[in-house]
$ cat query_12.csv   # CSV, C-alpha atoms (C1' of nucleotides)
chain,number,residue,atom,x,y,z
A,1,MET,CA,27.0,-114.0,-123.6
A,2,THR,CA,28.2,-117.3,-124.7
A,3,ALA,CA,28.5,-118.8,-121.3
A,4,SER,CA,29.4,-122.4,-121.4
A,5,ALA,CA,27.3,-123.5,-124.4
A,6,ALA,CA,29.8,-122.2,-126.9
A,7,ARG,CA,32.7,-123.9,-125.3
A,8,ALA,CA,31.0,-127.2,-124.8
A,9,ASP,CA,32.0,-128.3,-128.3
A,10,GLY,CA,35.7,-128.8,-128.1
A,11,ARG,CA,38.8,-127.6,-126.5
A,12,PRO,CA,38.4,-124.0,-125.6
A,13,SER,CA,41.4,-121.7,-125.2
A,14,PRO,CA,43.3,-122.8,-122.1
A,15,ARG,CA,44.8,-119.4,-121.5
A,16,LYS,CA,46.7,-120.4,-118.5
A,17,ARG,CA,48.7,-123.4,-119.4
A,18,ALA,CA,49.5,-125.0,-116.1
A,19,GLY,CA,51.4,-127.8,-117.7
A,20,ASN,CA,52.4,-130.8,-115.8
A,21,GLY,CA,53.6,-129.8,-112.4
A,22,ALA,CA,54.6,-126.4,-113.4
A,23,ALA,CA,52.3,-125.1,-110.7
A,24,SER,CA,55.1,-124.7,-108.2
A,25,ARG,CA,55.1,-121.0,-108.7
A,26,ASP,CA,52.2,-118.8,-107.8
A,27,VAL,CA,49.8,-120.2,-110.3
A,28,THR,CA,47.1,-119.9,-107.6
A,29,ASP,CA,46.8,-116.2,-108.3
A,30,ASP,CA,46.1,-116.7,-112.0
A,31,VAL,CA,43.9,-119.6,-112.8
A,32,GLY,CA,41.8,-119.4,-115.8
A,33,LEU,CA,38.2,-119.5,-114.8
A,34,ASP,CA,36.5,-118.4,-118.0
A,35,ALA,CA,34.2,-121.4,-118.0
A,36,LEU,CA,32.6,-120.3,-114.8
A,37,ALA,CA,32.4,-116.6,-115.6
A,38,GLY,CA,29.2,-116.9,-117.4
A,39,HIS,CA,27.3,-118.8,-114.7
A,40,ALA,CA,25.0,-116.8,-112.7
A,41,GLY,CA,24.8,-119.3,-109.9
A,42,TYR,CA,28.5,-119.2,-109.3
A,43,ALA,CA,28.7,-115.4,-109.1
A,44,VAL,CA,25.6,-115.3,-106.9
A,45,ARG,CA,27.0,-117.9,-104.6
A,46,ARG,CA,30.3,-116.1,-104.1
A,47,PHE,CA,28.5,-112.9,-103.6
A,48,GLN,CA,26.1,-114.4,-101.1
A,49,ILE,CA,29.0,-115.8,-99.1
A,50,TRP,CA,30.6,-112.4,-99.0
A,51,ILE,CA,27.4,-110.7,-97.9
A,52,PHE,CA,26.7,-113.2,-95.2
A,53,GLN,CA,30.2,-112.9,-93.8
A,54,ASP,CA,30.0,-109.2,-93.7
A,55,PHE,CA,26.6,-109.4,-92.1
A,56,ILE,CA,27.8,-111.8,-89.5
A,57,LYS,CA,30.8,-109.7,-88.8
A,58,THR,CA,28.9,-106.4,-88.7
A,59,LEU,CA,26.3,-107.9,-86.4
A,60,GLY,CA,28.9,-109.8,-84.5
A,61,GLU,CA,28.8,-107.6,-81.5
A,62,VAL,CA,25.2,-108.5,-80.9
A,63,ASP,CA,25.7,-112.1,-82.0
A,64,ILE,CA,22.9,-112.2,-84.6
A,65,ARG,CA,23.0,-114.2,-87.7
A,66,PRO,CA,21.2,-113.5,-90.9
A,67,THR,CA,18.5,-116.1,-90.4
A,68,GLN,CA,17.9,-115.0,-86.8
A,69,TYR,CA,17.6,-111.4,-88.0
A,70,SER,CA,15.0,-112.3,-90.7
A,71,VAL,CA,12.9,-114.1,-88.1
A,72,LEU,CA,13.1,-111.2,-85.7
A,73,THR,CA,12.2,-108.8,-88.4
A,74,VAL,CA,9.2,-110.7,-89.6
A,75,VAL,CA,7.9,-111.4,-86.2
A,76,GLY,CA,8.4,-107.7,-85.3
A,77,ALA,CA,6.5,-106.6,-88.3
A,78,ASN,CA,3.7,-109.1,-87.9
A,79,PRO,CA,3.2,-109.9,-84.3
A,80,GLY,CA,1.1,-112.9,-83.5
A,81,LEU,CA,2.1,-115.0,-86.5
A,82,SER,CA,2.3,-118.8,-86.0
A,83,GLN,CA,5.6,-120.6,-86.5
A,84,MET,CA,4.2,-122.2,-89.6
A,85,ALA,CA,3.4,-118.8,-91.1
A,86,VAL,CA,6.8,-117.5,-90.4
A,87,ALA,CA,8.5,-120.5,-91.8
A,88,LYS,CA,6.5,-120.4,-94.9
A,89,ARG,CA,7.1,-116.7,-95.4
A,90,LEU,CA,10.9,-117.0,-94.9
A,91,GLY,CA,11.2,-120.2,-96.9
A,92,ILE,CA,12.7,-122.1,-94.0
A,93,GLU,CA,11.4,-125.4,-92.6
A,94,ARG,CA,9.3,-125.4,-89.5
A,95,ALA,CA,11.6,-128.0,-88.1
A,96,ARG,CA,14.5,-125.5,-88.4
A,97,LEU,CA,12.5,-122.7,-87.0
A,98,VAL,CA,12.0,-124.6,-83.8
A,99,HIS,CA,15.7,-124.4,-83.0
A,100,LEU,CA,15.9,-120.8,-84.1
A,101,LEU,CA,13.1,-119.8,-81.8
A,102,ASP,CA,14.4,-121.9,-79.0
A,103,SER,CA,17.6,-119.8,-79.1
A,104,LEU,CA,15.8,-116.5,-79.6
A,105,GLU,CA,13.4,-117.3,-76.8
A,106,GLN,CA,16.2,-118.3,-74.5
A,107,ARG,CA,17.7,-114.9,-75.1
A,108,LYS,CA,14.4,-113.3,-74.2
A,109,LEU,CA,14.0,-111.7,-77.6
A,110,VAL,CA,10.8,-113.5,-78.6
A,111,LYS,CA,8.1,-115.4,-76.8
A,112,ARG,CA,5.8,-118.2,-77.8
A,113,ILE,CA,2.2,-117.6,-76.7
A,114,LYS,CA,-0.2,-120.5,-76.9
A,115,SER,CA,-3.0,-119.5,-79.1
A,116,ARG,CA,-6.4,-120.1,-77.7
A,117,LYS,CA,-8.0,-120.1,-81.2
A,118,ASP,CA,-5.9,-123.0,-82.4
A,119,ARG,CA,-4.3,-124.7,-79.5
A,120,ARG,CA,-1.8,-126.4,-81.8
A,121,SER,CA,-0.1,-123.2,-82.7
A,122,HIS,CA,2.0,-120.6,-81.0
A,123,ALA,CA,1.5,-116.9,-81.6
A,124,LEU,CA,5.0,-115.3,-81.9
A,125,HIS,CA,5.7,-111.9,-80.3
A,126,LEU,CA,8.8,-109.9,-79.6
A,127,THR,CA,9.5,-109.2,-76.0
A,128,ALA,CA,10.0,-105.6,-74.9
A,129,GLN,CA,13.6,-106.4,-74.7
A,130,GLY,CA,13.4,-107.9,-78.2
A,131,GLU,CA,11.9,-104.7,-79.6
A,132,THR,CA,14.7,-102.5,-78.4
A,133,ALA,CA,17.2,-105.1,-79.4
A,134,LEU,CA,15.8,-105.4,-82.9
A,135,ALA,CA,16.0,-101.6,-83.3
A,136,LYS,CA,19.7,-101.9,-82.6
A,137,PHE,CA,20.0,-104.8,-85.0
A,138,LYS,CA,18.4,-102.8,-87.7
A,139,ARG,CA,20.9,-100.0,-87.3
A,140,LEU,CA,23.7,-102.5,-87.6
A,141,ALA,CA,22.0,-104.1,-90.6
A,142,ALA,CA,21.8,-100.7,-92.2
A,143,GLU,CA,25.5,-100.3,-91.7
A,144,HIS,CA,26.0,-103.7,-93.3
A,145,GLU,CA,24.0,-102.5,-96.3
A,146,ARG,CA,26.3,-99.6,-96.6
A,147,HIS,CA,29.2,-102.0,-96.8
A,148,VAL,CA,27.4,-103.7,-99.7
A,149,GLU,CA,27.0,-100.4,-101.4
A,150,ALA,CA,30.6,-99.7,-100.9
A,151,LYS,CA,31.5,-103.0,-102.4
A,152,ILE,CA,29.3,-103.1,-105.6
A,153,GLY,CA,28.2,-99.5,-105.9
A,154,ARG,CA,25.1,-97.7,-104.8
A,155,ALA,CA,23.4,-97.9,-108.2
A,156,ASN,CA,24.3,-101.5,-108.7
A,157,ARG,CA,22.9,-102.4,-105.3
A,158,ALA,CA,19.7,-100.7,-106.1
A,159,HIS,CA,19.4,-102.4,-109.4
A,160,LEU,CA,20.2,-105.8,-107.8
A,161,LEU,CA,17.4,-105.3,-105.4
A,162,ARG,CA,15.0,-104.5,-108.2
A,163,ILE,CA,16.1,-107.5,-110.3
A,164,LEU,CA,15.7,-109.8,-107.3
A,165,ALA,CA,12.6,-108.2,-105.9
A,166,GLY,CA,10.5,-111.2,-106.9
A,167,PHE,CA,12.4,-113.5,-104.5
A,168,THR,CA,11.8,-111.6,-101.4
B,1,MET,CA,9.7,-97.9,-80.9
B,2,THR,CA,7.2,-99.6,-83.1
B,3,ALA,CA,9.7,-101.7,-85.0
B,4,SER,CA,7.4,-101.9,-87.9
B,5,ALA,CA,9.9,-101.2,-90.6
B,6,ALA,CA,13.4,-100.1,-91.3
B,7,ARG,CA,12.9,-96.4,-91.7
B,8,ALA,CA,16.6,-95.8,-92.0
B,9,ASP,CA,16.0,-95.1,-95.6
B,10,GLY,CA,12.9,-93.2,-96.3
B,11,ARG,CA,11.6,-95.5,-98.9
B,12,PRO,CA,8.1,-94.8,-99.9
B,13,SER,CA,7.3,-98.5,-99.6
B,14,PRO,CA,4.9,-98.8,-102.6
B,15,ARG,CA,4.9,-102.5,-102.2
B,16,LYS,CA,2.3,-104.8,-100.9
B,17,ARG,CA,1.6,-103.7,-97.4
B,18,ALA,CA,-1.0,-106.1,-96.4
B,19,GLY,CA,-3.8,-104.7,-94.6
B,20,ASN,CA,-3.5,-106.2,-91.2
B,21,GLY,CA,-6.1,-108.4,-89.7
B,22,ALA,CA,-7.9,-109.1,-93.0
B,23,ALA,CA,-5.7,-112.1,-93.5
B,24,SER,CA,-6.4,-113.9,-90.2
B,25,ARG,CA,-7.5,-117.0,-92.1
B,26,ASP,CA,-4.8,-117.4,-94.6
B,27,VAL,CA,-2.0,-115.4,-93.1
B,28,THR,CA,0.6,-117.4,-94.7
B,29,ASP,CA,-0.1,-116.0,-98.1
B,30,ASP,CA,0.2,-112.4,-97.2
B,31,VAL,CA,2.7,-111.6,-94.5
B,32,GLY,CA,4.1,-108.2,-94.5
B,33,LEU,CA,7.8,-108.4,-95.2
B,34,ASP,CA,8.7,-104.8,-96.0
B,35,ALA,CA,11.3,-104.7,-93.4
B,36,LEU,CA,13.3,-107.3,-95.3
B,37,ALA,CA,12.6,-105.9,-98.7
B,38,GLY,CA,15.5,-103.5,-98.6
B,39,HIS,CA,18.1,-106.1,-97.6
B,40,ALA,CA,20.4,-107.2,-100.4
B,41,GLY,CA,21.5,-110.3,-98.5
B,42,TYR,CA,18.0,-111.6,-98.1
B,43,ALA,CA,17.2,-111.3,-101.7
B,44,VAL,CA,20.5,-112.7,-102.8
B,45,ARG,CA,20.0,-115.6,-100.4
B,46,ARG,CA,16.6,-116.5,-101.7
B,47,PHE,CA,17.8,-116.2,-105.3
B,48,GLN,CA,20.8,-118.3,-104.6
B,49,ILE,CA,18.6,-121.0,-103.1
B,50,TRP,CA,16.3,-120.9,-106.2
B,51,ILE,CA,19.3,-121.1,-108.6
B,52,PHE,CA,20.9,-124.0,-106.8
B,53,GLN,CA,17.7,-125.9,-106.7
B,54,ASP,CA,17.2,-125.5,-110.4
B,55,PHE,CA,20.8,-126.4,-111.1
B,56,ILE,CA,20.5,-129.5,-109.0
B,57,LYS,CA,17.3,-130.5,-110.6
B,58,THR,CA,18.5,-129.7,-114.2
B,59,LEU,CA,21.7,-131.6,-113.6
B,60,GLY,CA,19.9,-134.2,-111.6
B,61,GLU,CA,20.0,-136.8,-114.3
B,62,VAL,CA,23.8,-136.8,-114.2
B,63,ASP,CA,23.9,-136.4,-110.4
B,64,ILE,CA,26.2,-133.4,-110.4
B,65,ARG,CA,26.0,-130.6,-107.8
B,66,PRO,CA,27.1,-127.0,-108.3
B,67,THR,CA,30.3,-127.4,-106.3
B,68,GLN,CA,31.2,-130.6,-108.2
B,69,TYR,CA,30.5,-128.8,-111.5
B,70,SER,CA,32.8,-125.9,-110.5
B,71,VAL,CA,35.6,-128.3,-109.7
B,72,LEU,CA,35.3,-130.2,-112.9
B,73,THR,CA,35.1,-127.0,-114.9
B,74,VAL,CA,38.2,-125.5,-113.4
B,75,VAL,CA,40.2,-128.7,-113.7
B,76,GLY,CA,39.0,-129.1,-117.2
B,77,ALA,CA,40.1,-125.6,-118.2
B,78,ASN,CA,43.4,-125.8,-116.2
B,79,PRO,CA,44.7,-129.4,-116.3
B,80,GLY,CA,47.5,-130.1,-113.9
B,81,LEU,CA,46.5,-127.8,-111.2
B,82,SER,CA,47.2,-128.8,-107.6
B,83,GLN,CA,44.4,-129.3,-105.1
B,84,MET,CA,45.6,-126.3,-103.3
B,85,ALA,CA,45.3,-124.1,-106.4
B,86,VAL,CA,41.8,-125.4,-107.2
B,87,ALA,CA,40.7,-124.8,-103.6
B,88,LYS,CA,42.1,-121.3,-103.5
B,89,ARG,CA,40.6,-120.4,-106.9
B,90,LEU,CA,37.1,-121.7,-106.0
B,91,GLY,CA,37.2,-120.4,-102.4
B,92,ILE,CA,36.7,-123.7,-100.9
B,93,GLU,CA,38.9,-125.4,-98.3
B,94,ARG,CA,41.4,-127.9,-99.3
B,95,ALA,CA,40.0,-130.2,-96.6
B,96,ARG,CA,36.6,-130.0,-98.3
B,97,LEU,CA,38.1,-130.5,-101.7
B,98,VAL,CA,39.6,-133.8,-100.6
B,99,HIS,CA,36.1,-135.4,-100.3
B,100,LEU,CA,34.9,-133.7,-103.5
B,101,LEU,CA,37.8,-135.2,-105.4
B,102,ASP,CA,37.4,-138.6,-103.7
B,103,SER,CA,33.9,-138.7,-105.0
B,104,LEU,CA,34.8,-137.5,-108.5
B,105,GLU,CA,37.7,-139.8,-108.7
B,106,GLN,CA,35.6,-142.7,-107.7
B,107,ARG,CA,33.3,-141.9,-110.5
B,108,LYS,CA,36.3,-141.9,-112.9
B,109,LEU,CA,35.8,-138.3,-113.8
B,110,VAL,CA,39.1,-136.9,-112.5
B,111,LYS,CA,42.4,-138.4,-111.5
B,112,ARG,CA,45.1,-137.4,-109.1
B,113,ILE,CA,48.5,-137.7,-110.5
B,114,LYS,CA,51.4,-137.5,-108.2
B,115,SER,CA,53.6,-134.7,-109.2
B,116,ARG,CA,57.3,-135.5,-109.5
B,117,LYS,CA,58.4,-131.9,-109.2
B,118,ASP,CA,56.6,-131.5,-105.9
B,119,ARG,CA,55.9,-134.9,-104.4
B,120,ARG,CA,53.6,-133.4,-101.9
B,121,SER,CA,51.0,-132.3,-104.4
B,122,HIS,CA,48.7,-133.9,-106.9
B,123,ALA,CA,48.3,-132.7,-110.5
B,124,LEU,CA,44.6,-132.9,-111.3
B,125,HIS,CA,43.3,-134.0,-114.7
B,126,LEU,CA,40.1,-135.0,-116.2
B,127,THR,CA,39.9,-138.6,-117.4
B,128,ALA,CA,38.8,-139.1,-121.0
B,129,GLN,CA,35.5,-140.1,-119.5
B,130,GLY,CA,35.5,-137.0,-117.5
B,131,GLU,CA,36.0,-134.8,-120.6
B,132,THR,CA,33.0,-136.2,-122.4
B,133,ALA,CA,31.0,-136.1,-119.3
B,134,LEU,CA,31.9,-132.5,-118.6
B,135,ALA,CA,30.7,-131.6,-122.1
B,136,LYS,CA,27.3,-133.0,-121.3
B,137,PHE,CA,27.3,-131.3,-117.9
B,138,LYS,CA,28.0,-128.0,-119.7
B,139,ARG,CA,25.1,-128.5,-122.0
B,140,LEU,CA,22.8,-129.1,-119.1
B,141,ALA,CA,24.3,-126.1,-117.2
B,142,ALA,CA,23.6,-124.0,-120.2
B,143,GLU,CA,20.0,-125.2,-120.1
B,144,HIS,CA,19.9,-124.2,-116.4
B,145,GLU,CA,21.2,-120.7,-117.4
B,146,ARG,CA,18.3,-120.4,-119.7
B,147,HIS,CA,16.0,-121.2,-116.8
B,148,VAL,CA,17.6,-118.3,-115.0
B,149,GLU,CA,17.0,-116.1,-118.0
B,150,ALA,CA,13.4,-117.1,-118.1
B,151,LYS,CA,13.1,-116.3,-114.4
B,152,ILE,CA,14.6,-112.9,-114.2
B,153,GLY,CA,14.9,-111.8,-117.8
B,154,ARG,CA,17.7,-111.9,-120.3
B,155,ALA,CA,18.9,-108.4,-119.7
B,156,ASN,CA,18.6,-108.6,-116.0
B,157,ARG,CA,20.7,-111.8,-115.9
B,158,ALA,CA,23.4,-110.1,-118.0
B,159,HIS,CA,23.4,-107.0,-115.8
B,160,LEU,CA,23.6,-109.3,-112.7
B,161,LEU,CA,26.6,-111.0,-114.1
B,162,ARG,CA,28.2,-107.6,-114.7
B,163,ILE,CA,27.5,-106.4,-111.3
B,164,LEU,CA,28.9,-109.5,-109.6
B,165,ALA,CA,31.8,-110.0,-112.0
B,166,GLY,CA,34.2,-109.1,-109.3
B,167,PHE,CA,33.2,-112.1,-107.2
B,168,THR,CA,33.9,-114.8,-109.7
C,1,DG,C1',71.7,-129.7,-91.8
C,2,DG,C1',67.9,-127.8,-89.4
C,3,DC,C1',63.7,-125.3,-89.0
C,4,DA,C1',59.6,-123.1,-90.9
C,5,DA,C1',56.2,-123.4,-94.5
C,6,DT,C1',53.3,-126.0,-97.7
C,7,DT,C1',50.3,-130.0,-99.3
C,8,DG,C1',47.2,-133.5,-98.8
C,9,DT,C1',44.6,-135.8,-95.4
C,10,DT,C1',41.7,-136.8,-91.3
C,11,DG,C1',38.8,-135.3,-87.9
C,12,DT,C1',35.6,-132.3,-85.2
C,13,DC,C1',32.1,-128.7,-84.8
C,14,DG,C1',28.3,-125.8,-86.2
C,15,DT,C1',25.1,-124.1,-89.9
C,16,DC,C1',21.6,-125.3,-93.0
C,17,DA,C1',18.2,-127.8,-96.2
C,18,DA,C1',15.5,-131.9,-96.8
C,19,DC,C1',12.9,-135.7,-94.9
C,20,DA,C1',10.5,-138.7,-91.8
C,21,DA,C1',8.0,-139.8,-87.9
C,22,DC,C1',5.1,-138.5,-83.9
C,23,DA,C1',1.6,-136.5,-80.4
C,24,DA,C1',-1.7,-133.0,-80.0
C,25,DT,C1',-5.1,-130.6,-82.1
C,26,DC,C1',-8.2,-128.9,-85.8
C,27,DT,C1',-11.3,-129.9,-89.9
C,28,DT,C1',-13.8,-132.6,-92.8
C,29,DT,C1',-17.0,-136.1,-93.9
C,30,DC,C1',-20.2,-139.5,-93.2
D,1,DG,C1',-21.4,-136.8,-83.2
D,2,DA,C1',-17.6,-140.0,-84.3
D,3,DA,C1',-14.1,-141.6,-87.5
D,4,DA,C1',-10.8,-140.2,-91.0
D,5,DG,C1',-7.7,-136.9,-92.6
D,6,DA,C1',-5.1,-132.7,-92.4
D,7,DT,C1',-2.2,-129.3,-89.8
D,8,DT,C1',1.1,-127.6,-86.1
D,9,DG,C1',5.0,-128.0,-83.3
D,10,DT,C1',8.5,-131.1,-82.2
D,11,DT,C1',12.3,-134.5,-82.4
D,12,DG,C1',15.5,-137.0,-85.0
D,13,DT,C1',18.5,-138.3,-89.1
D,14,DT,C1',20.9,-137.5,-93.2
D,15,DG,C1',23.9,-135.0,-96.3
D,16,DA,C1',26.2,-130.8,-98.2
D,17,DC,C1',29.0,-127.1,-96.7
D,18,DG,C1',32.3,-123.7,-94.2
D,19,DA,C1',35.7,-123.2,-90.5
D,20,DC,C1',39.3,-125.1,-87.7
D,21,DA,C1',42.8,-128.0,-85.8
D,22,DA,C1',46.1,-131.5,-86.1
D,23,DC,C1',49.2,-134.6,-88.5
D,24,DA,C1',52.8,-136.9,-91.9
D,25,DA,C1',55.3,-136.1,-95.9
D,26,DT,C1',57.7,-133.0,-98.4
D,27,DT,C1',59.8,-128.7,-99.8
D,28,DG,C1',62.1,-124.2,-99.3
D,29,DC,C1',64.9,-121.2,-96.6
D,30,DC,C1',68.8,-119.9,-93.7

$ encode --input "query_12.csv" --output "structure tokens"
Amino acid sequence: MTASAARADGRPSPRKRAGNGAASRDVTDDVGLDALAGHAGYAVRRFQIWIFQDFIKTLGEVDIRPTQYSVLTVVGANPGLSQMAVAKRLGIERARLVHLLDSLEQRKLVKRIKSRKDRRSHALHLTAQGETALAKFKRLAAEHERHVEAKIGRANRAHLLRILAGFT
Amino acid sequence: MTASAARADGRPSPRKRAGNGAASRDVTDDVGLDALAGHAGYAVRRFQIWIFQDFIKTLGEVDIRPTQYSVLTVVGANPGLSQMAVAKRLGIERARLVHLLDSLEQRKLVKRIKSRKDRRSHALHLTAQGETALAKFKRLAAEHERHVEAKIGRANRAHLLRILAGFT
DNA sequence: GGCAATTGTTGTCGTCAACAACAATCTTTC
DNA sequence: GAAAGATTGTTGTTGACGACAACAATTGCC
């Protein structure tokens, strides 16, 4: 895999010569992108955008976005966590989590309970409504995962998860 | 419904299921996250954040962000493209590309040349300065790619690129 | 020639990461 | 036990980014 290193030296092979102004046709369909093909970040970025859009669409009927889903899942699996703990675990800032929880609490899905052991912190719990809602969200999320499988293939998805297991 | 894990797929879950309670002092280190472990989107998201941060840091000395790099690369490989063509190819909005190009043009890396064949559009070119700068950016980007290899392994990175080739 | 479509541009809105500051509350240290 | 320092939740700001809408200039189509 040469990636960009091999082409950094001189003029590579500009396959698609788009000469001056000759772009009036349908060049947009066929723009050489060789230089980006070897960049993991670019591929991952495009893939992540696709995945999130499918997730948002698939969970659209319940109006749950990926970040909200991750919060609900973590709180559901670990009731009583503090906001700090959840933020750290999900890699989001506690400042951001505040708004997330404001929204989720307003929708009666989670509740903040003042901890008596550390009166600075809030113990997070799902409401009863939140539990049943999360069950439905998980079904929809599983459907979304099937879309991913359909897109990149079952084996590839499994391999992808294994490769990226260290980041979860 | 206990909502403890996504049992949709009967994964044996050999992972780190933290014994509950034992971590009441430093919960942050060991929060059960099994429910998210099977979600491709979450892993990809975290990975993408890691990749971008490393890219931004590695290209920090030249102050080039991933999106800027992708624009420069495409324009460098396909001189004369219109803004619309670049935007379409990179999957960004032309409205957004305007600001990107404003910045890059201000830094004398690219130039907008009014096309005489279609006086609505601009033909995009790298400046001479932009060409040499891009060469350096590509060397740094290659270094970044080596960081990725070091993180997930050479073979895994190659496989990842193959899996996601359809999204580039 | 007239009307629809395209291109670049400007603007708004909402999401998200990164900081900074703050009050309330632990925790440490003397 | 009190002062000093750290932590938690909160508010606010900044900037990158995606999605949309509107607009003038220009082009293509009929």

$ interface_residues --input "query_12.csv" --of "chain C" --to "chain A" --cutoff "12 Å" --atoms "all atoms listed in the file" --output "tab-separated table (two decimals) with C-alpha atoms (C1' of nucleotides), in the coordinates of the input"
chain	number	residue	atom	x	y	z
C	6	DT	C1'	53.30	-126.00	-97.70
C	7	DT	C1'	50.30	-130.00	-99.30
C	15	DT	C1'	25.10	-124.10	-89.90
C	16	DC	C1'	21.60	-125.30	-93.00
C	17	DA	C1'	18.20	-127.80	-96.20
C	18	DA	C1'	15.50	-131.90	-96.80
C	19	DC	C1'	12.90	-135.70	-94.90
C	20	DA	C1'	10.50	-138.70	-91.80
C	23	DA	C1'	1.60	-136.50	-80.40
C	24	DA	C1'	-1.70	-133.00	-80.00
C	25	DT	C1'	-5.10	-130.60	-82.10
C	26	DC	C1'	-8.20	-128.90	-85.80
C	27	DT	C1'	-11.30	-129.90	-89.90

$ residues_around --input "query_12.csv" --residues "Gly91 in chain A" --least-positions-apart "2" --cutoff "12 Å" --atoms "only C-alpha atoms (C1' of nucleotides)" --output "PDB file with C-alpha atoms (C1' of nucleotides), in the coordinates of the input"
ATOM      1  CA  THR A  67      18.500-116.100 -90.400  1.00  0.00           C
ATOM      2  CA  SER A  70      15.000-112.300 -90.700  1.00  0.00           C
ATOM      3  CA  VAL A  71      12.900-114.100 -88.100  1.00  0.00           C
ATOM      4  CA  GLN A  83       5.600-120.600 -86.500  1.00  0.00           C
ATOM      5  CA  MET A  84       4.200-122.200 -89.600  1.00  0.00           C
ATOM      6  CA  ALA A  85       3.400-118.800 -91.100  1.00  0.00           C
ATOM      7  CA  VAL A  86       6.800-117.500 -90.400  1.00  0.00           C
ATOM      8  CA  ALA A  87       8.500-120.500 -91.800  1.00  0.00           C
ATOM      9  CA  LYS A  88       6.500-120.400 -94.900  1.00  0.00           C
ATOM     10  CA  ARG A  89       7.100-116.700 -95.400  1.00  0.00           C
ATOM     11  CA  GLU A  93      11.400-125.400 -92.600  1.00  0.00           C
ATOM     12  CA  ARG A  94       9.300-125.400 -89.500  1.00  0.00           C
ATOM     13  CA  ALA A  95      11.600-128.000 -88.100  1.00  0.00           C
ATOM     14  CA  ARG A  96      14.500-125.500 -88.400  1.00  0.00           C
ATOM     15  CA  LEU A  97      12.500-122.700 -87.000  1.00  0.00           C
ATOM     16  CA  PHE A 167      12.400-113.500-104.500  1.00  0.00           C
ATOM     17  CA  THR A 168      11.800-111.600-101.400  1.00  0.00           C
TER      18      THR A 168
ATOM     19  CA  THR B  28       0.600-117.400 -94.700  1.00  0.00           C
ATOM     20  CA  TYR B  42      18.000-111.600 -98.100  1.00  0.00           C
ATOM     21  CA  ALA B  43      17.200-111.300-101.700  1.00  0.00           C
ATOM     22  CA  ARG B  45      20.000-115.600-100.400  1.00  0.00           C
ATOM     23  CA  ARG B  46      16.600-116.500-101.700  1.00  0.00           C
ATOM     24  CA  PHE B  47      17.800-116.200-105.300  1.00  0.00           C
ATOM     25  CA  ILE B  49      18.600-121.000-103.100  1.00  0.00           C
ATOM     26  CA  TRP B  50      16.300-120.900-106.200  1.00  0.00           C
TER      27      TRP B  50
ATOM     28  C1'  DA C  17      18.200-127.800 -96.200  1.00  0.00           C
TER      29       DA C  17
END

$ residues_around --input "query_12.csv" --residues "DA21 in chain D" --least-positions-apart "5" --cutoff "12 Å" --atoms "all atoms listed in the file" --output "ChimeraX atom specification"
/B:95 /C:10-13

$ atom_distance --input "query_12.csv" --atom1 "CA of Leu161 in chain B" --atom2 "CA of Ile152 in chain A"
11.9 Å

$ closest_residue --input "query_12.csv" --among "C:DC3, C:DT9, C:DG14, C:DA21" --to "DC20 in chain D" --atoms "only C-alpha atoms (C1' of nucleotides)"
C:DG14

$ interface_residues --input "query_12.csv" --of "chain D" --to "chain A" --cutoff "12 Å" --atoms "only C-alpha atoms (C1' of nucleotides)" --output "VMD selection string"
chain D and resid 7 to 12 17 to 18 27 to 28

$ residues_near_point --input "query_12.csv" --point "(23.8, -109.2, -76.1)" --cutoff "9 Å" --atoms "all atoms listed in the file" --output "PDB file with C-alpha atoms, in the frame of the given file"
ATOM      1  CA  GLU A  61      28.800-107.600 -81.500  1.00  0.00           C
ATOM      2  CA  VAL A  62      25.200-108.500 -80.900  1.00  0.00           C
ATOM      3  CA  ASP A  63      25.700-112.100 -82.000  1.00  0.00           C
ATOM      4  CA  ARG A 107      17.700-114.900 -75.100  1.00  0.00           C
ATOM      5  CA  ALA A 133      17.200-105.100 -79.400  1.00  0.00           C
TER       6      ALA A 133
END

$ closest_residue --input "query_12.csv" --among "A:Leu59, A:Ala128, A:Leu109, A:Ala37" --to "chain B" --atoms "only C-alpha atoms"
A:Ala37

$ closest_residue --input "query_12.csv" --among "B:Gly80, B:Gly130, B:Gly153, B:Gly166" --to "chain A" --atoms "only C-alpha atoms"
B:Gly80

$ atom_distance --input "query_12.csv" --atom1 "CA of Ile56 in chain B" --atom2 "CA of His144 in chain B"
9.1 Å

$ atom_distance --input "query_12.csv" --atom1 "CA of Leu126 in chain A" --atom2 "CA of Gln48 in chain B"
29.0 Å

$ closest_residue --input "query_12.csv" --among "B:Arg65, B:Arg157, B:Lys111, B:Arg146" --to "chain A" --atoms "all atoms listed in the file"
B:Arg157

$ residues_around --input "query_12.csv" --residues "DA4 in chain D" --least-positions-apart "4" --cutoff "12 Å" --atoms "all atoms listed in the file" --output "list in words"
DT27, DT28, DT29 and DC30 of chain C

$ closest_residue --input "query_12.csv" --among "A:Ser115, A:Gln129, A:Ser103, A:Thr73" --to "chain B" --atoms "only C-alpha atoms"
A:Thr73
